[in-house]
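A.B. asks: Input file: structure-v9.txt. Contents: compact mmCIF, N, CA and C atoms.
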# COMPACT_ATOMS: atom_id res chain seq x y z
N MET A 33 -33.51 38.81 -202.83
CA MET A 33 -32.84 39.99 -203.31
C MET A 33 -31.37 39.70 -203.49
N LEU A 34 -30.85 39.96 -204.69
CA LEU A 34 -29.44 39.78 -204.99
C LEU A 34 -28.70 41.10 -204.83
N VAL A 35 -27.46 41.00 -204.35
CA VAL A 35 -26.60 42.18 -204.23
C VAL A 35 -25.21 41.84 -204.74
N ARG A 36 -24.47 42.90 -205.03
CA ARG A 36 -23.07 42.77 -205.43
C ARG A 36 -22.25 43.68 -204.52
N CYS A 37 -21.18 43.13 -203.98
CA CYS A 37 -20.29 43.87 -203.08
C CYS A 37 -18.88 43.80 -203.65
N LEU A 38 -18.27 44.95 -203.81
CA LEU A 38 -16.89 45.04 -204.30
C LEU A 38 -16.06 45.70 -203.21
N TYR A 39 -14.96 45.05 -202.85
CA TYR A 39 -14.09 45.64 -201.83
C TYR A 39 -12.63 45.42 -202.23
N ALA A 40 -11.76 46.18 -201.61
CA ALA A 40 -10.32 46.02 -201.75
C ALA A 40 -9.73 45.90 -200.36
N SER A 41 -8.61 45.19 -200.27
CA SER A 41 -7.89 45.09 -199.00
C SER A 41 -6.42 44.86 -199.30
N ARG A 42 -5.65 44.95 -198.25
CA ARG A 42 -4.23 44.61 -198.35
C ARG A 42 -3.99 43.39 -197.48
N ALA A 43 -3.06 42.56 -197.92
CA ALA A 43 -2.70 41.39 -197.13
C ALA A 43 -2.00 41.85 -195.86
N ALA A 44 -2.39 41.27 -194.74
CA ALA A 44 -1.76 41.63 -193.46
C ALA A 44 -0.31 41.18 -193.42
N ALA A 45 -0.01 40.10 -194.12
CA ALA A 45 1.37 39.61 -194.26
C ALA A 45 1.61 39.45 -195.76
N ASP A 46 2.79 39.00 -196.13
CA ASP A 46 3.04 38.78 -197.55
C ASP A 46 1.97 37.86 -198.12
N ALA A 47 1.43 38.25 -199.27
CA ALA A 47 0.38 37.46 -199.91
C ALA A 47 1.03 36.27 -200.62
N SER A 48 1.47 35.33 -199.84
CA SER A 48 2.13 34.16 -200.40
C SER A 48 1.11 33.30 -201.12
N SER A 49 1.60 32.42 -201.96
CA SER A 49 0.69 31.53 -202.68
C SER A 49 -0.05 30.62 -201.70
N ALA A 50 0.55 30.29 -200.56
CA ALA A 50 -0.13 29.45 -199.57
C ALA A 50 -1.33 30.17 -198.98
N ILE A 51 -1.19 31.47 -198.67
CA ILE A 51 -2.31 32.24 -198.13
C ILE A 51 -3.41 32.38 -199.18
N LEU A 52 -3.02 32.68 -200.41
CA LEU A 52 -3.99 32.80 -201.49
C LEU A 52 -4.71 31.48 -201.71
N ASP A 53 -3.98 30.38 -201.74
CA ASP A 53 -4.60 29.06 -201.91
C ASP A 53 -5.58 28.77 -200.78
N GLU A 54 -5.22 29.17 -199.56
CA GLU A 54 -6.09 28.95 -198.40
C GLU A 54 -7.38 29.76 -198.54
N ILE A 55 -7.27 31.02 -198.94
CA ILE A 55 -8.45 31.87 -199.11
C ILE A 55 -9.36 31.31 -200.21
N LEU A 56 -8.76 30.92 -201.34
CA LEU A 56 -9.56 30.38 -202.45
C LEU A 56 -10.22 29.06 -202.07
N ALA A 57 -9.49 28.18 -201.39
CA ALA A 57 -10.07 26.90 -200.98
C ALA A 57 -11.23 27.11 -200.03
N GLN A 58 -11.07 28.04 -199.09
CA GLN A 58 -12.14 28.34 -198.14
C GLN A 58 -13.36 28.89 -198.88
N SER A 59 -13.13 29.79 -199.84
CA SER A 59 -14.23 30.37 -200.62
C SER A 59 -14.96 29.30 -201.41
N ARG A 60 -14.20 28.45 -202.08
CA ARG A 60 -14.81 27.42 -202.92
C ARG A 60 -15.52 26.35 -202.10
N ARG A 61 -15.07 26.17 -200.88
CA ARG A 61 -15.71 25.20 -199.98
C ARG A 61 -17.00 25.75 -199.40
N ASN A 62 -17.00 27.02 -198.99
CA ASN A 62 -18.13 27.59 -198.26
C ASN A 62 -19.15 28.34 -199.11
N ASN A 63 -18.72 28.97 -200.19
CA ASN A 63 -19.61 29.84 -200.94
C ASN A 63 -20.78 29.15 -201.63
N PRO A 64 -20.61 27.95 -202.20
CA PRO A 64 -21.76 27.33 -202.87
C PRO A 64 -22.96 27.12 -201.94
N ALA A 65 -22.74 26.71 -200.71
CA ALA A 65 -23.84 26.50 -199.77
C ALA A 65 -24.53 27.80 -199.42
N ARG A 66 -23.79 28.91 -199.48
CA ARG A 66 -24.35 30.23 -199.18
C ARG A 66 -24.96 30.90 -200.41
N GLY A 67 -24.75 30.30 -201.59
CA GLY A 67 -25.24 30.90 -202.82
C GLY A 67 -24.42 32.11 -203.24
N ILE A 68 -23.16 32.15 -202.85
CA ILE A 68 -22.30 33.29 -203.17
C ILE A 68 -21.37 32.92 -204.32
N THR A 69 -21.28 33.83 -205.28
CA THR A 69 -20.34 33.70 -206.39
C THR A 69 -19.46 34.95 -206.40
N GLY A 70 -18.39 34.91 -207.19
CA GLY A 70 -17.55 36.09 -207.26
C GLY A 70 -16.22 35.85 -207.88
N MET A 71 -15.33 36.81 -207.66
CA MET A 71 -14.00 36.75 -208.24
C MET A 71 -13.02 37.47 -207.32
N LEU A 72 -11.80 36.95 -207.30
CA LEU A 72 -10.73 37.52 -206.50
C LEU A 72 -9.55 37.86 -207.40
N CYS A 73 -9.07 39.09 -207.32
CA CYS A 73 -7.87 39.52 -208.04
C CYS A 73 -6.80 39.85 -207.02
N VAL A 74 -5.58 39.41 -207.30
CA VAL A 74 -4.47 39.66 -206.40
C VAL A 74 -3.30 40.21 -207.20
N SER A 75 -2.69 41.24 -206.68
CA SER A 75 -1.47 41.79 -207.28
C SER A 75 -0.60 42.27 -206.13
N GLY A 76 0.53 41.62 -205.94
CA GLY A 76 1.36 41.94 -204.79
C GLY A 76 0.60 41.66 -203.52
N ASN A 77 0.42 42.69 -202.69
CA ASN A 77 -0.32 42.49 -201.44
C ASN A 77 -1.74 43.08 -201.51
N VAL A 78 -2.20 43.41 -202.72
CA VAL A 78 -3.52 44.01 -202.90
C VAL A 78 -4.52 42.97 -203.36
N PHE A 79 -5.66 42.93 -202.69
CA PHE A 79 -6.77 42.07 -203.07
C PHE A 79 -7.93 42.94 -203.55
N ILE A 80 -8.58 42.49 -204.61
CA ILE A 80 -9.88 43.04 -205.00
C ILE A 80 -10.80 41.84 -205.09
N GLN A 81 -11.96 41.94 -204.47
CA GLN A 81 -12.90 40.84 -204.54
C GLN A 81 -14.29 41.38 -204.76
N VAL A 82 -15.02 40.68 -205.62
CA VAL A 82 -16.44 40.97 -205.82
C VAL A 82 -17.21 39.75 -205.35
N LEU A 83 -18.27 40.00 -204.59
CA LEU A 83 -19.13 38.96 -204.06
C LEU A 83 -20.55 39.21 -204.55
N GLU A 84 -21.23 38.17 -204.97
CA GLU A 84 -22.63 38.28 -205.39
C GLU A 84 -23.45 37.21 -204.70
N GLY A 85 -24.67 37.56 -204.35
CA GLY A 85 -25.56 36.60 -203.72
C GLY A 85 -26.65 37.32 -202.96
N GLY A 86 -27.30 36.60 -202.06
CA GLY A 86 -28.34 37.19 -201.23
C GLY A 86 -27.77 38.26 -200.32
N ARG A 87 -28.59 39.26 -200.01
CA ARG A 87 -28.11 40.39 -199.20
C ARG A 87 -27.53 39.93 -197.86
N ASP A 88 -28.25 39.11 -197.12
CA ASP A 88 -27.76 38.69 -195.81
C ASP A 88 -26.46 37.90 -195.91
N GLU A 89 -26.40 36.99 -196.88
CA GLU A 89 -25.21 36.15 -197.03
C GLU A 89 -23.98 36.97 -197.43
N VAL A 90 -24.16 37.89 -198.38
CA VAL A 90 -23.04 38.72 -198.81
C VAL A 90 -22.59 39.66 -197.69
N CYS A 91 -23.54 40.27 -197.00
CA CYS A 91 -23.18 41.16 -195.88
C CYS A 91 -22.46 40.40 -194.78
N ASP A 92 -22.95 39.21 -194.45
CA ASP A 92 -22.30 38.41 -193.41
C ASP A 92 -20.87 38.05 -193.81
N LEU A 93 -20.68 37.65 -195.08
CA LEU A 93 -19.34 37.30 -195.54
C LEU A 93 -18.43 38.52 -195.55
N TYR A 94 -18.92 39.65 -196.02
CA TYR A 94 -18.10 40.86 -196.04
C TYR A 94 -17.64 41.23 -194.62
N HIS A 95 -18.54 41.16 -193.66
CA HIS A 95 -18.18 41.48 -192.28
C HIS A 95 -17.17 40.48 -191.72
N ALA A 96 -17.27 39.22 -192.13
CA ALA A 96 -16.27 38.22 -191.70
C ALA A 96 -14.90 38.55 -192.30
N ILE A 97 -14.88 39.01 -193.55
CA ILE A 97 -13.62 39.39 -194.20
C ILE A 97 -13.00 40.58 -193.48
N VAL A 98 -13.82 41.56 -193.11
CA VAL A 98 -13.31 42.74 -192.39
C VAL A 98 -12.62 42.30 -191.08
N ARG A 99 -13.16 41.28 -190.44
CA ARG A 99 -12.59 40.80 -189.17
C ARG A 99 -11.45 39.79 -189.37
N ASP A 100 -11.24 39.30 -190.60
CA ASP A 100 -10.24 38.28 -190.90
C ASP A 100 -8.83 38.87 -190.75
N SER A 101 -8.01 38.23 -189.95
CA SER A 101 -6.67 38.74 -189.67
C SER A 101 -5.75 38.69 -190.90
N ARG A 102 -6.14 38.00 -191.95
CA ARG A 102 -5.32 37.96 -193.17
C ARG A 102 -5.47 39.23 -194.00
N HIS A 103 -6.50 40.03 -193.70
CA HIS A 103 -6.76 41.27 -194.43
C HIS A 103 -6.57 42.48 -193.52
N GLU A 104 -6.11 43.57 -194.11
CA GLU A 104 -6.10 44.85 -193.41
C GLU A 104 -6.48 45.94 -194.42
N HIS A 105 -6.85 47.09 -193.90
CA HIS A 105 -7.28 48.21 -194.75
C HIS A 105 -8.39 47.79 -195.71
N VAL A 106 -9.36 47.06 -195.22
CA VAL A 106 -10.49 46.64 -196.05
C VAL A 106 -11.35 47.86 -196.36
N ARG A 107 -11.60 48.09 -197.65
CA ARG A 107 -12.38 49.25 -198.09
C ARG A 107 -13.49 48.81 -199.02
N LEU A 108 -14.70 49.21 -198.69
CA LEU A 108 -15.86 48.95 -199.54
C LEU A 108 -15.79 49.90 -200.72
N LEU A 109 -15.78 49.36 -201.94
CA LEU A 109 -15.69 50.17 -203.15
C LEU A 109 -17.06 50.36 -203.80
N ALA A 110 -17.91 49.35 -203.70
CA ALA A 110 -19.25 49.45 -204.29
C ALA A 110 -20.15 48.40 -203.67
N TYR A 111 -21.40 48.76 -203.52
CA TYR A 111 -22.41 47.82 -203.02
C TYR A 111 -23.71 48.21 -203.72
N GLU A 112 -24.36 47.24 -204.35
CA GLU A 112 -25.58 47.55 -205.08
C GLU A 112 -26.52 46.35 -205.14
N GLU A 113 -27.80 46.65 -205.25
CA GLU A 113 -28.78 45.62 -205.54
C GLU A 113 -28.69 45.33 -207.02
N ILE A 114 -28.81 44.06 -207.39
CA ILE A 114 -28.68 43.66 -208.79
C ILE A 114 -29.85 42.77 -209.20
N THR A 115 -30.12 42.73 -210.49
CA THR A 115 -31.19 41.87 -211.00
C THR A 115 -30.64 40.54 -211.50
N GLU A 116 -29.34 40.51 -211.78
CA GLU A 116 -28.70 39.27 -212.21
C GLU A 116 -27.22 39.31 -211.87
N ARG A 117 -26.64 38.12 -211.79
CA ARG A 117 -25.22 38.01 -211.45
C ARG A 117 -24.35 38.24 -212.68
N ARG A 118 -23.23 38.87 -212.48
CA ARG A 118 -22.22 39.01 -213.52
C ARG A 118 -21.14 37.95 -213.39
N PHE A 119 -21.00 37.41 -212.18
CA PHE A 119 -19.94 36.44 -211.89
C PHE A 119 -20.55 35.13 -211.40
N GLY A 120 -21.66 34.75 -211.99
CA GLY A 120 -22.40 33.57 -211.55
C GLY A 120 -21.75 32.25 -211.89
N ASN A 121 -20.77 32.25 -212.78
CA ASN A 121 -20.12 31.00 -213.17
C ASN A 121 -18.98 30.60 -212.25
N TRP A 122 -18.70 31.42 -211.25
CA TRP A 122 -17.56 31.16 -210.39
C TRP A 122 -17.98 31.09 -208.93
N THR A 123 -17.63 29.98 -208.25
CA THR A 123 -17.78 29.98 -206.80
C THR A 123 -16.76 30.95 -206.23
N MET A 124 -15.61 31.06 -206.88
CA MET A 124 -14.64 32.12 -206.64
C MET A 124 -13.58 32.03 -207.71
N GLY A 125 -13.75 32.81 -208.77
CA GLY A 125 -12.77 32.87 -209.84
C GLY A 125 -11.54 33.62 -209.36
N GLN A 126 -10.41 33.34 -209.99
CA GLN A 126 -9.14 33.95 -209.58
C GLN A 126 -8.47 34.57 -210.79
N VAL A 127 -7.89 35.73 -210.60
CA VAL A 127 -7.12 36.40 -211.65
C VAL A 127 -5.75 36.72 -211.11
N ASN A 128 -4.72 36.33 -211.85
CA ASN A 128 -3.36 36.70 -211.50
C ASN A 128 -3.00 37.90 -212.37
N LEU A 129 -3.01 39.09 -211.80
CA LEU A 129 -2.78 40.30 -212.57
C LEU A 129 -1.35 40.43 -213.07
N ALA A 130 -0.44 39.63 -212.56
CA ALA A 130 0.93 39.67 -213.07
C ALA A 130 0.98 39.21 -214.53
N LYS A 131 -0.03 38.47 -214.96
CA LYS A 131 -0.06 37.95 -216.33
C LYS A 131 -0.94 38.79 -217.26
N ILE A 132 -1.46 39.89 -216.78
CA ILE A 132 -2.35 40.75 -217.55
C ILE A 132 -1.54 41.82 -218.27
N ASN A 133 -1.95 42.16 -219.48
CA ASN A 133 -1.30 43.23 -220.24
C ASN A 133 -1.39 44.53 -219.44
N PRO A 134 -0.27 45.20 -219.18
CA PRO A 134 -0.29 46.44 -218.38
C PRO A 134 -1.21 47.51 -218.96
N SER A 135 -1.44 47.50 -220.27
CA SER A 135 -2.31 48.53 -220.86
C SER A 135 -3.73 48.41 -220.34
N LEU A 136 -4.16 47.22 -219.93
CA LEU A 136 -5.49 47.06 -219.36
C LEU A 136 -5.57 47.78 -218.02
N LEU A 137 -4.52 47.70 -217.23
CA LEU A 137 -4.51 48.41 -215.94
C LEU A 137 -4.45 49.92 -216.15
N LEU A 138 -3.70 50.36 -217.15
CA LEU A 138 -3.62 51.80 -217.45
C LEU A 138 -4.95 52.37 -217.91
N LYS A 139 -5.79 51.53 -218.43
CA LYS A 139 -7.12 51.96 -218.87
C LYS A 139 -7.93 52.48 -217.69
N TYR A 140 -7.70 51.93 -216.50
CA TYR A 140 -8.53 52.25 -215.33
C TYR A 140 -7.79 52.93 -214.18
N PHE A 141 -6.46 52.81 -214.13
CA PHE A 141 -5.69 53.33 -213.01
C PHE A 141 -4.62 54.31 -213.50
N LYS A 142 -4.08 55.11 -212.58
CA LYS A 142 -3.08 56.12 -212.94
C LYS A 142 -1.80 55.50 -213.49
N ARG A 143 -1.42 54.33 -212.98
CA ARG A 143 -0.22 53.62 -213.44
C ARG A 143 -0.61 52.19 -213.77
N ALA A 144 0.31 51.47 -214.37
CA ALA A 144 0.05 50.07 -214.75
C ALA A 144 0.21 49.15 -213.55
N GLU A 145 -0.52 49.48 -212.50
CA GLU A 145 -0.52 48.65 -211.29
C GLU A 145 -1.91 48.71 -210.68
N LEU A 146 -2.24 47.67 -210.01
CA LEU A 146 -3.55 47.58 -209.37
C LEU A 146 -3.59 48.54 -208.18
N ASP A 147 -4.47 49.54 -208.25
CA ASP A 147 -4.57 50.52 -207.17
C ASP A 147 -6.03 50.91 -206.95
N PRO A 148 -6.83 49.99 -206.44
CA PRO A 148 -8.25 50.29 -206.24
C PRO A 148 -8.51 51.32 -205.16
N PHE A 149 -7.51 51.61 -204.32
CA PHE A 149 -7.68 52.57 -203.24
C PHE A 149 -7.70 54.01 -203.77
N ASN A 150 -7.21 54.21 -204.99
CA ASN A 150 -7.18 55.53 -205.60
C ASN A 150 -7.95 55.56 -206.91
N ALA A 151 -8.95 54.72 -207.03
CA ALA A 151 -9.80 54.69 -208.22
C ALA A 151 -11.24 54.54 -207.78
N SER A 152 -12.14 54.84 -208.66
CA SER A 152 -13.55 54.69 -208.32
C SER A 152 -13.94 53.21 -208.31
N GLY A 153 -14.99 52.91 -207.58
CA GLY A 153 -15.53 51.56 -207.59
C GLY A 153 -15.99 51.18 -208.99
N ALA A 154 -16.53 52.15 -209.74
CA ALA A 154 -17.00 51.88 -211.10
C ALA A 154 -15.84 51.49 -212.01
N ALA A 155 -14.70 52.17 -211.88
CA ALA A 155 -13.53 51.82 -212.70
C ALA A 155 -13.03 50.42 -212.35
N THR A 156 -12.99 50.11 -211.08
CA THR A 156 -12.53 48.79 -210.65
C THR A 156 -13.48 47.71 -211.14
N MET A 157 -14.80 47.96 -211.07
CA MET A 157 -15.77 46.99 -211.57
C MET A 157 -15.64 46.82 -213.08
N SER A 158 -15.34 47.90 -213.80
CA SER A 158 -15.14 47.80 -215.24
C SER A 158 -13.92 46.95 -215.57
N LEU A 159 -12.85 47.09 -214.78
CA LEU A 159 -11.68 46.23 -214.97
C LEU A 159 -12.09 44.77 -214.83
N LEU A 160 -12.85 44.45 -213.80
CA LEU A 160 -13.28 43.06 -213.60
C LEU A 160 -14.12 42.57 -214.78
N GLY A 161 -14.98 43.45 -215.30
CA GLY A 161 -15.77 43.08 -216.47
C GLY A 161 -14.88 42.77 -217.67
N ASP A 162 -13.83 43.57 -217.87
CA ASP A 162 -12.89 43.31 -218.96
C ASP A 162 -12.17 41.98 -218.75
N LEU A 163 -11.84 41.67 -217.51
CA LEU A 163 -11.17 40.40 -217.22
C LEU A 163 -12.07 39.22 -217.53
N VAL A 164 -13.36 39.35 -217.25
CA VAL A 164 -14.32 38.30 -217.59
C VAL A 164 -14.39 38.15 -219.11
N SER A 165 -14.50 39.28 -219.82
CA SER A 165 -14.63 39.27 -221.27
C SER A 165 -13.41 38.68 -221.96
N SER A 166 -12.24 38.91 -221.37
CA SER A 166 -11.00 38.44 -222.00
C SER A 166 -10.61 37.04 -221.53
N ALA A 167 -11.46 36.39 -220.77
CA ALA A 167 -11.22 35.03 -220.27
C ALA A 167 -9.93 34.95 -219.47
N SER A 168 -9.66 35.97 -218.68
CA SER A 168 -8.45 36.01 -217.86
C SER A 168 -8.64 35.34 -216.50
N ILE A 169 -9.81 34.80 -216.26
CA ILE A 169 -10.12 34.23 -214.96
C ILE A 169 -9.79 32.74 -214.96
N VAL A 170 -9.12 32.30 -213.92
CA VAL A 170 -8.77 30.89 -213.78
C VAL A 170 -9.42 30.37 -212.50
N GLY A 171 -9.39 29.07 -212.34
CA GLY A 171 -9.87 28.48 -211.09
C GLY A 171 -11.33 28.75 -210.84
N ARG A 172 -12.18 28.40 -211.81
CA ARG A 172 -13.60 28.66 -211.67
C ARG A 172 -14.20 28.06 -210.41
N GLY A 173 -13.64 26.99 -209.94
CA GLY A 173 -14.20 26.33 -208.77
C GLY A 173 -15.44 25.55 -209.14
N GLU A 174 -15.71 24.55 -208.39
CA GLU A 174 -16.87 23.70 -208.67
C GLU A 174 -17.80 23.71 -207.49
For the structure just supplied, provide its representation as structure tokens.
C.D. replies:
Amino acid sequence: MLVRCLYASRAAADASSAILDEILAQSRRNNPARGITGMLCVSGNVFIQVLEGGRDEVCDLYHAIVRDSRHEHVRLLAYEEITERRFGNWTMGQVNLAKINPSLLLKYFKRAELDPFNASGAATMSLLGDLVSSASIVGRGE
């Protein structure tokens, strides 16, 4: 059984490039063995991540993220059973929202800033779908 989990969190400390690199390296190192794919978006101290894979593996990883001291205010935005992956090409794709056209953010959020805490999970997932369609994802991971 495949599932998709979408969550948002805030960085417990400044989301420096070193912390982001550490999170991405850990994801790319561990996720293939677990059969987990997904994408991470970062803007300032806000993280949005979608995880796809087996139910047990995704749930275990989500619970580890909730306990991870690098994250705070972790909020589950959406969780669903799926028939196929949307983010299957990425062990953990990365999006730098600072390089995204602000009008794309305005399409889904009240202002041209990433604010998943005040938007629906469906709107946030639609943003991620647009990012995939526009080839805005970097660091596909191997």
A.B. asks: Interatomic distance between atom CA of A:Asp53 and atom CA of A:Arg143?
C.D. replies: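 So the answer is 27.5 Å.
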A.B. asks: Enumerate as a ChimeraX atom specification all residues of chain A assigned to strand (DSSP E or B) by DSSP on the backbone, naming them with the chain letters and numbers the document uses.
C.D. replies: /A:34-43,69-75,78-86,103-114,125-128,170
A.B. asks: Include N, CA and C atoms and write out the residues we just selected as a CSV table (one decimal), in the frame of the given file.
C.D. replies:
chain,number,residue,atom,x,y,z
A,34,LEU,N,-30.8,40.0,-204.7
A,34,LEU,CA,-29.4,39.8,-205.0
A,34,LEU,C,-28.7,41.1,-204.8
A,35,VAL,N,-27.5,41.0,-204.4
A,35,VAL,CA,-26.6,42.2,-204.2
A,35,VAL,C,-25.2,41.8,-204.7
A,36,ARG,N,-24.5,42.9,-205.0
A,36,ARG,CA,-23.1,42.8,-205.4
A,36,ARG,C,-22.2,43.7,-204.5
A,37,CYS,N,-21.2,43.1,-204.0
A,37,CYS,CA,-20.3,43.9,-203.1
A,37,CYS,C,-18.9,43.8,-203.6
A,38,LEU,N,-18.3,45.0,-203.8
A,38,LEU,CA,-16.9,45.0,-204.3
A,38,LEU,C,-16.1,45.7,-203.2
A,39,TYR,N,-15.0,45.0,-202.8
A,39,TYR,CA,-14.1,45.6,-201.8
A,39,TYR,C,-12.6,45.4,-202.2
A,40,ALA,N,-11.8,46.2,-201.6
A,40,ALA,CA,-10.3,46.0,-201.8
A,40,ALA,C,-9.7,45.9,-200.4
A,41,SER,N,-8.6,45.2,-200.3
A,41,SER,CA,-7.9,45.1,-199.0
A,41,SER,C,-6.4,44.9,-199.3
A,42,ARG,N,-5.6,45.0,-198.2
A,42,ARG,CA,-4.2,44.6,-198.4
A,42,ARG,C,-4.0,43.4,-197.5
A,43,ALA,N,-3.1,42.6,-197.9
A,43,ALA,CA,-2.7,41.4,-197.1
A,43,ALA,C,-2.0,41.8,-195.9
A,69,THR,N,-21.3,33.8,-205.3
A,69,THR,CA,-20.3,33.7,-206.4
A,69,THR,C,-19.5,35.0,-206.4
A,70,GLY,N,-18.4,34.9,-207.2
A,70,GLY,CA,-17.6,36.1,-207.3
A,70,GLY,C,-16.2,35.8,-207.9
A,71,MET,N,-15.3,36.8,-207.7
A,71,MET,CA,-14.0,36.8,-208.2
A,71,MET,C,-13.0,37.5,-207.3
A,72,LEU,N,-11.8,37.0,-207.3
A,72,LEU,CA,-10.7,37.5,-206.5
A,72,LEU,C,-9.6,37.9,-207.4
A,73,CYS,N,-9.1,39.1,-207.3
A,73,CYS,CA,-7.9,39.5,-208.0
A,73,CYS,C,-6.8,39.8,-207.0
A,74,VAL,N,-5.6,39.4,-207.3
A,74,VAL,CA,-4.5,39.7,-206.4
A,74,VAL,C,-3.3,40.2,-207.2
A,75,SER,N,-2.7,41.2,-206.7
A,75,SER,CA,-1.5,41.8,-207.3
A,75,SER,C,-0.6,42.3,-206.1
A,78,VAL,N,-2.2,43.4,-202.7
A,78,VAL,CA,-3.5,44.0,-202.9
A,78,VAL,C,-4.5,43.0,-203.4
A,79,PHE,N,-5.7,42.9,-202.7
A,79,PHE,CA,-6.8,42.1,-203.1
A,79,PHE,C,-7.9,42.9,-203.6
A,80,ILE,N,-8.6,42.5,-204.6
A,80,ILE,CA,-9.9,43.0,-205.0
A,80,ILE,C,-10.8,41.8,-205.1
A,81,GLN,N,-12.0,41.9,-204.5
A,81,GLN,CA,-12.9,40.8,-204.5
A,81,GLN,C,-14.3,41.4,-204.8
A,82,VAL,N,-15.0,40.7,-205.6
A,82,VAL,CA,-16.4,41.0,-205.8
A,82,VAL,C,-17.2,39.8,-205.4
A,83,LEU,N,-18.3,40.0,-204.6
A,83,LEU,CA,-19.1,39.0,-204.1
A,83,LEU,C,-20.6,39.2,-204.6
A,84,GLU,N,-21.2,38.2,-205.0
A,84,GLU,CA,-22.6,38.3,-205.4
A,84,GLU,C,-23.4,37.2,-204.7
A,85,GLY,N,-24.7,37.6,-204.4
A,85,GLY,CA,-25.6,36.6,-203.7
A,85,GLY,C,-26.6,37.3,-203.0
A,86,GLY,N,-27.3,36.6,-202.1
A,86,GLY,CA,-28.3,37.2,-201.2
A,86,GLY,C,-27.8,38.3,-200.3
A,103,HIS,N,-6.5,40.0,-193.7
A,103,HIS,CA,-6.8,41.3,-194.4
A,103,HIS,C,-6.6,42.5,-193.5
A,104,GLU,N,-6.1,43.6,-194.1
A,104,GLU,CA,-6.1,44.8,-193.4
A,104,GLU,C,-6.5,45.9,-194.4
A,105,HIS,N,-6.8,47.1,-193.9
A,105,HIS,CA,-7.3,48.2,-194.8
A,105,HIS,C,-8.4,47.8,-195.7
A,106,VAL,N,-9.4,47.1,-195.2
A,106,VAL,CA,-10.5,46.6,-196.0
A,106,VAL,C,-11.4,47.9,-196.4
A,107,ARG,N,-11.6,48.1,-197.6
A,107,ARG,CA,-12.4,49.2,-198.1
A,107,ARG,C,-13.5,48.8,-199.0
A,108,LEU,N,-14.7,49.2,-198.7
A,108,LEU,CA,-15.9,49.0,-199.5
A,108,LEU,C,-15.8,49.9,-200.7
A,109,LEU,N,-15.8,49.4,-201.9
A,109,LEU,CA,-15.7,50.2,-203.2
A,109,LEU,C,-17.1,50.4,-203.8
A,110,ALA,N,-17.9,49.4,-203.7
A,110,ALA,CA,-19.2,49.4,-204.3
A,110,ALA,C,-20.2,48.4,-203.7
A,111,TYR,N,-21.4,48.8,-203.5
A,111,TYR,CA,-22.4,47.8,-203.0
A,111,TYR,C,-23.7,48.2,-203.7
A,112,GLU,N,-24.4,47.2,-204.4
A,112,GLU,CA,-25.6,47.6,-205.1
A,112,GLU,C,-26.5,46.4,-205.1
A,113,GLU,N,-27.8,46.6,-205.2
A,113,GLU,CA,-28.8,45.6,-205.5
A,113,GLU,C,-28.7,45.3,-207.0
A,114,ILE,N,-28.8,44.1,-207.4
A,114,ILE,CA,-28.7,43.7,-208.8
A,114,ILE,C,-29.8,42.8,-209.2
A,125,GLY,N,-13.8,32.8,-208.8
A,125,GLY,CA,-12.8,32.9,-209.8
A,125,GLY,C,-11.5,33.6,-209.4
A,126,GLN,N,-10.4,33.3,-210.0
A,126,GLN,CA,-9.1,34.0,-209.6
A,126,GLN,C,-8.5,34.6,-210.8
A,127,VAL,N,-7.9,35.7,-210.6
A,127,VAL,CA,-7.1,36.4,-211.6
A,127,VAL,C,-5.8,36.7,-211.1
A,128,ASN,N,-4.7,36.3,-211.8
A,128,ASN,CA,-3.4,36.7,-211.5
A,128,ASN,C,-3.0,37.9,-212.4
A,170,VAL,N,-9.1,32.3,-213.9
A,170,VAL,CA,-8.8,30.9,-213.8
A,170,VAL,C,-9.4,30.4,-212.5
A.B. asks: What is the atom CA of A:Asp162-atom CA of A:Leu137 distance in Å, reported with one decimal?
C.D. replies: 10.3 Å
A.B. asks: Rounded to one decimal, what separation in Å do you get between atom N of A:Asn63 and atom CA of A:Ala45?
C.D. replies: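 Between atom N of A:Asn63 and atom CA of A:Ala45 the gap is 23.5 Å.
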A.B. asks: Which residues are close to stretch 87-104 of chain A, i.e. within 12 Å by only C-alpha atoms, leaving aside same-chain residues fewer than 3 positions away? Reply as a PyMOL selection string.
C.D. replies: chain A and resi 33-48+50-52+54-55+58-59+62-70+77-84+107-114
A.B. asks: Give the alpha helix (DSSP H) residues of stretch 44-145 of chain A, as assigned by DSSP on the backbone, as a VMD selection string.
C.D. replies: chain A and resid 49 to 66 87 to 99 134 to 140
